[in-house]
Amino acid sequence: MKANYHTHTYRCHHALGSDEQYVKSAIAAGFEEIGFSDHTPWKYDSSFVAGMRMKLDEFSEYKRSVFALKEKYRDQITIRLGLEAEYFPQYMPWLKEFAQREELDYILFGNHYYQSDERRIYFGTVCASPTYLDIYVQECINGLETGMYSYLCHPELFMLAYPEFDEHCERASYQICEAAKRLNIPLEYNLAGLRHNRQFHVEQYPHRRFWEIAKAVGNTAIIGVDAHHYLHLEDDQYWNEAVHYLDEELKIARADRLEMKGFSK
């Protein structure tokens with residue numbers, strides 16, 4: 001089954017296209033299931049306004065749009081309502097209540113910021129410090145242990161801060177993979193990162209050494225388009241490359257379909 005659960009919308013301020021364009025592209029590309037997982041709004045305790053996620057008052061329209069498309073295209077594709085969220089300890093009770101109230105099917109774990117983006121500590125830059133790399137790993141583990149997330153997005157995000165995969169990266173990768181294995185949570189092979197690697201002639205994420213470690217640990221992989229433009233869903237080059245690498249070269253266990261948390265139940 002061909003499915004993608006990592007799909008953004010224009011509401012995050014760094015994606016393009018209407019919700020329906022994403023659905024039409026998914027159908028054209030042969031996807032049987034698609035999940036919308038835009039960057040979650042948070043109910044901050046401060047007056048902070050994030051520039052890379054939807055605002056809280058935009059969520060109701062997001063939900064209405066996804067539910068309307070789910071009904072309109074029900075004979076052509078299965079559509080799921082989700083979010084991509086960080087692990088912000090002080091806000092997790094709110095997120096759990098929000099997910100239940102708003103009938104989310106699932107939440108993806110994108111570990112972008114330390115504690116809250118109110119602090120403006122982005123793991124993609126600060127993990128050049130071994131101290132922050134250790135913090136990134138621990139926050140990954142803490143978040144996974146909540147049981148709220150269906151998979152870990154771009155687990156090797158820390159490689160954005162590293163020129164090469166060194167012994168610190170090796171240790172961090174084993175720790176993340178072992179936690180995900182223990183908790184039976186898939187790790188995402190991220191196609192937006194693959195596109196970035198090819199464009200800038202780098203190897204950041206996905207990183208071959210990380211995935212060799214994931215194979216050795218016995219993790220399950222899941223492909224995420226991480227679509228920020230509807231045409232990303234129609235780009236078979238990166239999808240086919242990922243399938244070939246994971247299935248034929250690496251021979252790692254791969255999940256085609258995501259387990260729905262069903263927060264409304």
# chains A, B, ... in the order shown; residues from 1 in each chain; ligands from 1

$ residues_around --residues "Tyr245 in chain A" --least-positions-apart "5" --cutoff "12 Å" --atoms "only C-alpha atoms" --output "list in words"
Tyr189, Leu194, Pro206, His207, Arg208, Trp211, Glu212, Lys215, Ala221, Ile223, Tyr238, Trp239, Asn240, Leu250, Lys251, Ile252, Ala253 and Arg254 of chain A

$ write_last_selection --atoms "C-alpha atoms" --output "PDB file, in the first residue's frame"
ATOM      1  CA  TYR A 189      12.883   8.116   6.097  1.00  0.00           C
ATOM      2  CA  LEU A 194      16.580  13.559   0.647  1.00  0.00           C
ATOM      3  CA  PRO A 206      18.364  10.918   5.773  1.00  0.00           C
ATOM      4  CA  HIS A 207      21.914   9.724   6.510  1.00  0.00           C
ATOM      5  CA  ARG A 208      23.122   6.338   5.351  1.00  0.00           C
ATOM      6  CA  TRP A 211      19.918   3.898   8.679  1.00  0.00           C
ATOM      7  CA  GLU A 212      22.594   1.228   8.872  1.00  0.00           C
ATOM      8  CA  LYS A 215      18.840  -1.841  10.469  1.00  0.00           C
ATOM      9  CA  ALA A 221      11.119   2.458   8.722  1.00  0.00           C
ATOM     10  CA  ILE A 223       8.624   6.817   4.279  1.00  0.00           C
ATOM     11  CA  TYR A 238      12.552  10.242  -4.514  1.00  0.00           C
ATOM     12  CA  TRP A 239       9.768   7.854  -3.485  1.00  0.00           C
ATOM     13  CA  ASN A 240      11.101   5.096  -5.727  1.00  0.00           C
ATOM     14  CA  LEU A 250      19.134  -2.080   3.361  1.00  0.00           C
ATOM     15  CA  LYS A 251      16.434  -4.738   3.687  1.00  0.00           C
ATOM     16  CA  ILE A 252      14.999  -3.049   6.772  1.00  0.00           C
ATOM     17  CA  ALA A 253      11.457  -3.736   7.968  1.00  0.00           C
ATOM     18  CA  ARG A 254       9.156  -1.095   6.492  1.00  0.00           C
TER      19      ARG A 254
END

$ residues_around --residues "Asp45 in chain A" --least-positions-apart "2" --cutoff "12 Å" --atoms "only C-alpha atoms" --output "PyMOL selection string"
chain A and resi 42-43+47-49+90-91+94+116-118

$ closest_atom_pairs --of "range 53-118 of chain A" --to "range 22-33 of chain A" --cutoff "10 Å" --atoms "only C-alpha atoms" --output "Markdown table"
| residue | atom | partner | partner_atom | distance |
| --- | --- | --- | --- | --- |
| A:Val66 | CA | A:Val23 | CA | 9.6 |
| A:Leu69 | CA | A:Val23 | CA | 7.8 |
| A:Lys70 | CA | A:Val23 | CA | 9.2 |
| A:Tyr73 | CA | A:Val23 | CA | 8.3 |
| A:Gln76 | CA | A:Ile27 | CA | 7.1 |
| A:Ile77 | CA | A:Glu32 | CA | 5.2 |
| A:Thr78 | CA | A:Glu33 | CA | 4.5 |
| A:Ile79 | CA | A:Glu33 | CA | 5.9 |
| A:Arg80 | CA | A:Glu33 | CA | 7.7 |

$ closest_atom_pairs --of "range 61-121 of chain A" --to "range 256-264 of chain A" --cutoff "7 Å" --atoms "only C-alpha atoms" --output "Markdown table"
| residue | atom | partner | partner_atom | distance |
| --- | --- | --- | --- | --- |
| A:Ala99 | CA | A:Phe263 | CA | 5.9 |
| A:Gln100 | CA | A:Phe263 | CA | 4.6 |
| A:Arg101 | CA | A:Ser264 | CA | 6.6 |
| A:Glu103 | CA | A:Ser264 | CA | 4.4 |
| A:Leu104 | CA | A:Phe263 | CA | 5.7 |
| A:Asp105 | CA | A:Gly262 | CA | 4.6 |
| A:Tyr106 | CA | A:Lys261 | CA | 5.1 |

$ select_by_dssp --residues "range 28-231 of chain A" --states "strand (DSSP E or B)" --output "ChimeraX atom specification"
/A:33-39,78-85,106-109,113,122,151-152,187-190,220-224,227,229

$ write_last_selection --atoms "N, CA, C and O atoms" --output "CSV table (one decimal), in the first residue's frame"
chain,number,residue,atom,x,y,z
A,33,GLU,N,-3.7,6.2,0.7
A,33,GLU,CA,-4.0,6.9,1.9
A,33,GLU,C,-3.1,8.1,2.1
A,33,GLU,O,-1.9,8.0,1.8
A,34,ILE,N,-3.6,9.2,2.6
A,34,ILE,CA,-2.8,10.4,2.9
A,34,ILE,C,-3.3,11.0,4.2
A,34,ILE,O,-4.5,11.0,4.5
A,35,GLY,N,-2.3,11.5,4.9
A,35,GLY,CA,-2.7,12.2,6.2
A,35,GLY,C,-2.1,13.6,6.2
A,35,GLY,O,-1.0,13.8,5.8
A,36,PHE,N,-3.0,14.5,6.6
A,36,PHE,CA,-2.5,15.9,6.7
A,36,PHE,C,-1.9,16.0,8.1
A,36,PHE,O,-2.5,15.6,9.1
A,37,SER,N,-0.7,16.6,8.2
A,37,SER,CA,0.0,16.7,9.5
A,37,SER,C,0.7,18.0,9.6
A,37,SER,O,1.9,18.0,9.7
A,38,ASP,N,0.0,19.1,9.5
A,38,ASP,CA,0.6,20.4,9.5
A,38,ASP,C,1.2,20.6,10.9
A,38,ASP,O,0.8,20.0,11.9
A,39,HIS,N,2.1,21.6,11.0
A,39,HIS,CA,2.7,21.9,12.3
A,39,HIS,C,1.7,22.4,13.3
A,39,HIS,O,1.0,23.3,13.0
A,78,THR,N,-8.2,7.4,1.1
A,78,THR,CA,-8.5,7.6,2.5
A,78,THR,C,-7.7,8.8,3.0
A,78,THR,O,-6.5,8.9,2.7
A,79,ILE,N,-8.4,9.7,3.7
A,79,ILE,CA,-7.7,10.9,4.2
A,79,ILE,C,-7.8,10.9,5.7
A,79,ILE,O,-8.9,10.6,6.3
A,80,ARG,N,-6.7,11.2,6.4
A,80,ARG,CA,-6.6,11.2,7.8
A,80,ARG,C,-6.3,12.6,8.3
A,80,ARG,O,-5.6,13.4,7.6
A,81,LEU,N,-6.7,12.9,9.5
A,81,LEU,CA,-6.5,14.2,10.2
A,81,LEU,C,-5.4,14.0,11.2
A,81,LEU,O,-5.5,13.3,12.2
A,82,GLY,N,-4.3,14.7,11.0
A,82,GLY,CA,-3.2,14.6,12.0
A,82,GLY,C,-2.5,16.0,12.2
A,82,GLY,O,-2.9,17.0,11.7
A,83,LEU,N,-1.4,15.9,13.0
A,83,LEU,CA,-0.6,17.1,13.2
A,83,LEU,C,0.9,16.6,13.4
A,83,LEU,O,1.1,15.4,13.7
A,84,GLU,N,1.8,17.5,13.1
A,84,GLU,CA,3.2,17.2,13.5
A,84,GLU,C,3.5,18.1,14.7
A,84,GLU,O,3.4,19.3,14.6
A,85,ALA,N,3.9,17.5,15.8
A,85,ALA,CA,4.1,18.2,17.0
A,85,ALA,C,5.5,17.9,17.6
A,85,ALA,O,6.0,16.8,17.5
A,106,TYR,N,-4.0,10.9,14.4
A,106,TYR,CA,-2.6,10.6,14.8
A,106,TYR,C,-1.8,12.0,15.0
A,106,TYR,O,-2.2,13.0,14.5
A,107,ILE,N,-0.6,11.8,15.7
A,107,ILE,CA,0.3,12.9,15.8
A,107,ILE,C,1.7,12.4,15.4
A,107,ILE,O,2.1,11.3,15.9
A,108,LEU,N,2.4,13.1,14.6
A,108,LEU,CA,3.8,12.8,14.3
A,108,LEU,C,4.7,13.6,15.2
A,108,LEU,O,4.4,14.7,15.6
A,109,PHE,N,5.9,13.0,15.5
A,109,PHE,CA,6.8,13.7,16.4
A,109,PHE,C,7.9,14.3,15.6
A,109,PHE,O,8.8,13.6,15.1
A,113,TYR,N,12.5,21.8,18.4
A,113,TYR,CA,12.9,22.8,19.4
A,113,TYR,C,13.0,22.3,20.8
A,113,TYR,O,12.3,21.3,21.2
A,122,TYR,N,16.8,25.9,18.4
A,122,TYR,CA,16.5,24.9,17.3
A,122,TYR,C,17.5,23.8,17.2
A,122,TYR,O,18.7,24.1,17.1
A,151,TYR,N,4.9,8.1,14.9
A,151,TYR,CA,6.3,7.9,14.5
A,151,TYR,C,7.2,9.1,14.7
A,151,TYR,O,6.7,10.2,14.9
A,152,LEU,N,8.5,8.9,14.6
A,152,LEU,CA,9.5,10.0,14.8
A,152,LEU,C,9.9,10.5,13.4
A,152,LEU,O,10.5,9.7,12.7
A,187,LEU,N,10.6,4.8,12.5
A,187,LEU,CA,11.4,5.9,12.3
A,187,LEU,C,11.2,6.4,10.8
A,187,LEU,O,11.1,5.5,9.9
A,188,GLU,N,11.1,7.7,10.6
A,188,GLU,CA,10.8,8.2,9.3
A,188,GLU,C,12.0,8.3,8.4
A,188,GLU,O,13.0,9.0,8.8
A,189,TYR,N,11.9,7.8,7.2
A,189,TYR,CA,12.9,8.1,6.1
A,189,TYR,C,12.3,9.3,5.3
A,189,TYR,O,11.3,9.2,4.6
A,190,ASN,N,12.9,10.5,5.5
A,190,ASN,CA,12.3,11.7,5.1
A,190,ASN,C,12.7,12.2,3.7
A,190,ASN,O,13.9,12.4,3.4
A,220,THR,N,11.8,-0.3,12.5
A,220,THR,CA,10.9,-0.3,11.4
A,220,THR,C,11.0,1.1,10.8
A,220,THR,O,10.9,2.1,11.5
A,221,ALA,N,11.1,1.2,9.5
A,221,ALA,CA,11.1,2.5,8.7
A,221,ALA,C,9.8,2.8,8.1
A,221,ALA,O,9.0,1.9,7.8
A,222,ILE,N,9.5,4.0,8.0
A,222,ILE,CA,8.3,4.5,7.2
A,222,ILE,C,8.7,5.7,6.4
A,222,ILE,O,9.4,6.6,6.9
A,223,ILE,N,8.3,5.7,5.2
A,223,ILE,CA,8.6,6.8,4.3
A,223,ILE,C,7.7,8.0,4.5
A,223,ILE,O,6.5,7.8,4.5
A,224,GLY,N,8.2,9.2,4.7
A,224,GLY,CA,7.4,10.4,4.8
A,224,GLY,C,7.8,11.4,3.7
A,224,GLY,O,9.0,11.8,3.6
A,227,ALA,N,5.7,16.7,2.6
A,227,ALA,CA,5.3,17.5,1.4
A,227,ALA,C,5.0,19.0,1.9
A,227,ALA,O,4.2,19.2,2.7
A,229,HIS,N,4.8,21.2,-0.9
A,229,HIS,CA,4.2,21.6,-2.1
A,229,HIS,C,3.4,20.4,-2.6
A,229,HIS,O,4.0,19.2,-2.5

$ closest_residue --among "A:Tyr230, A:His154, A:Ile176, A:Leu191" --to "Asp19 in chain A" --atoms "only C-alpha atoms"
A:Tyr230

$ atom_distance --atom1 "CA of Pro41 in chain A" --atom2 "CA of Glu234 in chain A"
27.5 Å

$ residues_around --residues "Cys140 in chain A" --least-positions-apart "6" --cutoff "10 Å" --atoms "only C-alpha atoms" --output "tab-separated table (two decimals) with N, CA, C and O atoms, in the first residue's frame"
chain	number	residue	atom	x	y	z
A	86	GLU	N	5.99	18.86	18.37
A	86	GLU	CA	7.18	18.65	19.17
A	86	GLU	C	6.81	18.02	20.51
A	86	GLU	O	5.65	17.75	20.79
A	87	TYR	N	7.83	17.82	21.34
A	87	TYR	CA	7.62	17.41	22.72
A	87	TYR	C	7.96	18.63	23.59
A	87	TYR	O	9.13	18.95	23.81
A	109	PHE	N	5.85	13.03	15.53
A	109	PHE	CA	6.81	13.67	16.43
A	109	PHE	C	7.93	14.30	15.61
A	109	PHE	O	8.79	13.62	15.08
A	110	GLY	N	7.90	15.62	15.51
A	110	GLY	CA	8.98	16.37	14.89
A	110	GLY	C	9.73	17.12	15.97
A	110	GLY	O	9.26	18.15	16.46
A	111	ASN	N	10.91	16.63	16.36
A	111	ASN	CA	11.65	17.18	17.50
A	111	ASN	C	12.51	18.35	17.03
A	111	ASN	O	13.73	18.23	16.88
A	112	HIS	N	11.89	19.51	16.86
A	112	HIS	CA	12.58	20.66	16.30
A	112	HIS	C	13.21	21.58	17.34
A	112	HIS	O	14.31	22.10	17.13
A	134	ASP	N	23.09	15.58	23.21
A	134	ASP	CA	22.58	14.72	24.27
A	134	ASP	C	21.16	15.11	24.68
A	134	ASP	O	20.31	14.26	24.93
A	152	LEU	N	8.50	8.88	14.61
A	152	LEU	CA	9.47	9.95	14.80
A	152	LEU	C	9.93	10.47	13.45
A	152	LEU	O	10.55	9.74	12.67
A	155	PRO	N	14.53	11.53	12.21
A	155	PRO	CA	15.19	11.29	13.50
A	155	PRO	C	16.62	11.81	13.55
A	155	PRO	O	17.10	12.17	14.63
A	175	GLN	N	21.18	5.41	20.50
A	175	GLN	CA	20.25	5.69	21.60
A	175	GLN	C	18.83	5.92	21.08
A	175	GLN	O	17.85	5.40	21.64
A	176	ILE	N	18.71	6.69	20.00
A	176	ILE	CA	17.39	6.96	19.42
A	176	ILE	C	16.78	5.67	18.85
A	176	ILE	O	15.61	5.36	19.10
A	179	ALA	N	15.64	3.23	21.59
A	179	ALA	CA	14.40	3.65	22.25
A	179	ALA	C	13.20	3.40	21.36
A	179	ALA	O	12.16	2.90	21.82
A	180	ALA	N	13.33	3.73	20.07
A	180	ALA	CA	12.21	3.50	19.15
A	180	ALA	C	11.90	2.02	19.02
A	180	ALA	O	10.74	1.62	18.94

$ select_by_dssp --residues "range 129-263 of chain A" --states "helix (DSSP H, G or I)" --output "MDAnalysis selection string"
chainID A and resid 130:144 157:161 167:183 191:200 208:217 230:234 236:250

$ atom_distance --atom1 "CA of Asp236 in chain A" --atom2 "CA of Ala214 in chain A"
24.3 Å

$ atom_distance --atom1 "CA of Asp166 in chain A" --atom2 "CA of Gly193 in chain A"
19.5 Å

$ residues_around --residues "His13 in chain A" --least-positions-apart "2" --cutoff "9 Å" --atoms "only C-alpha atoms" --output "ChimeraX atom specification"
/A:9-11,15-16,51-54

$ closest_residue --among "A:Met92, A:Ala255, A:Cys169, A:Ala192" --to "Val137 in chain A" --atoms "only C-alpha atoms"
A:Cys169
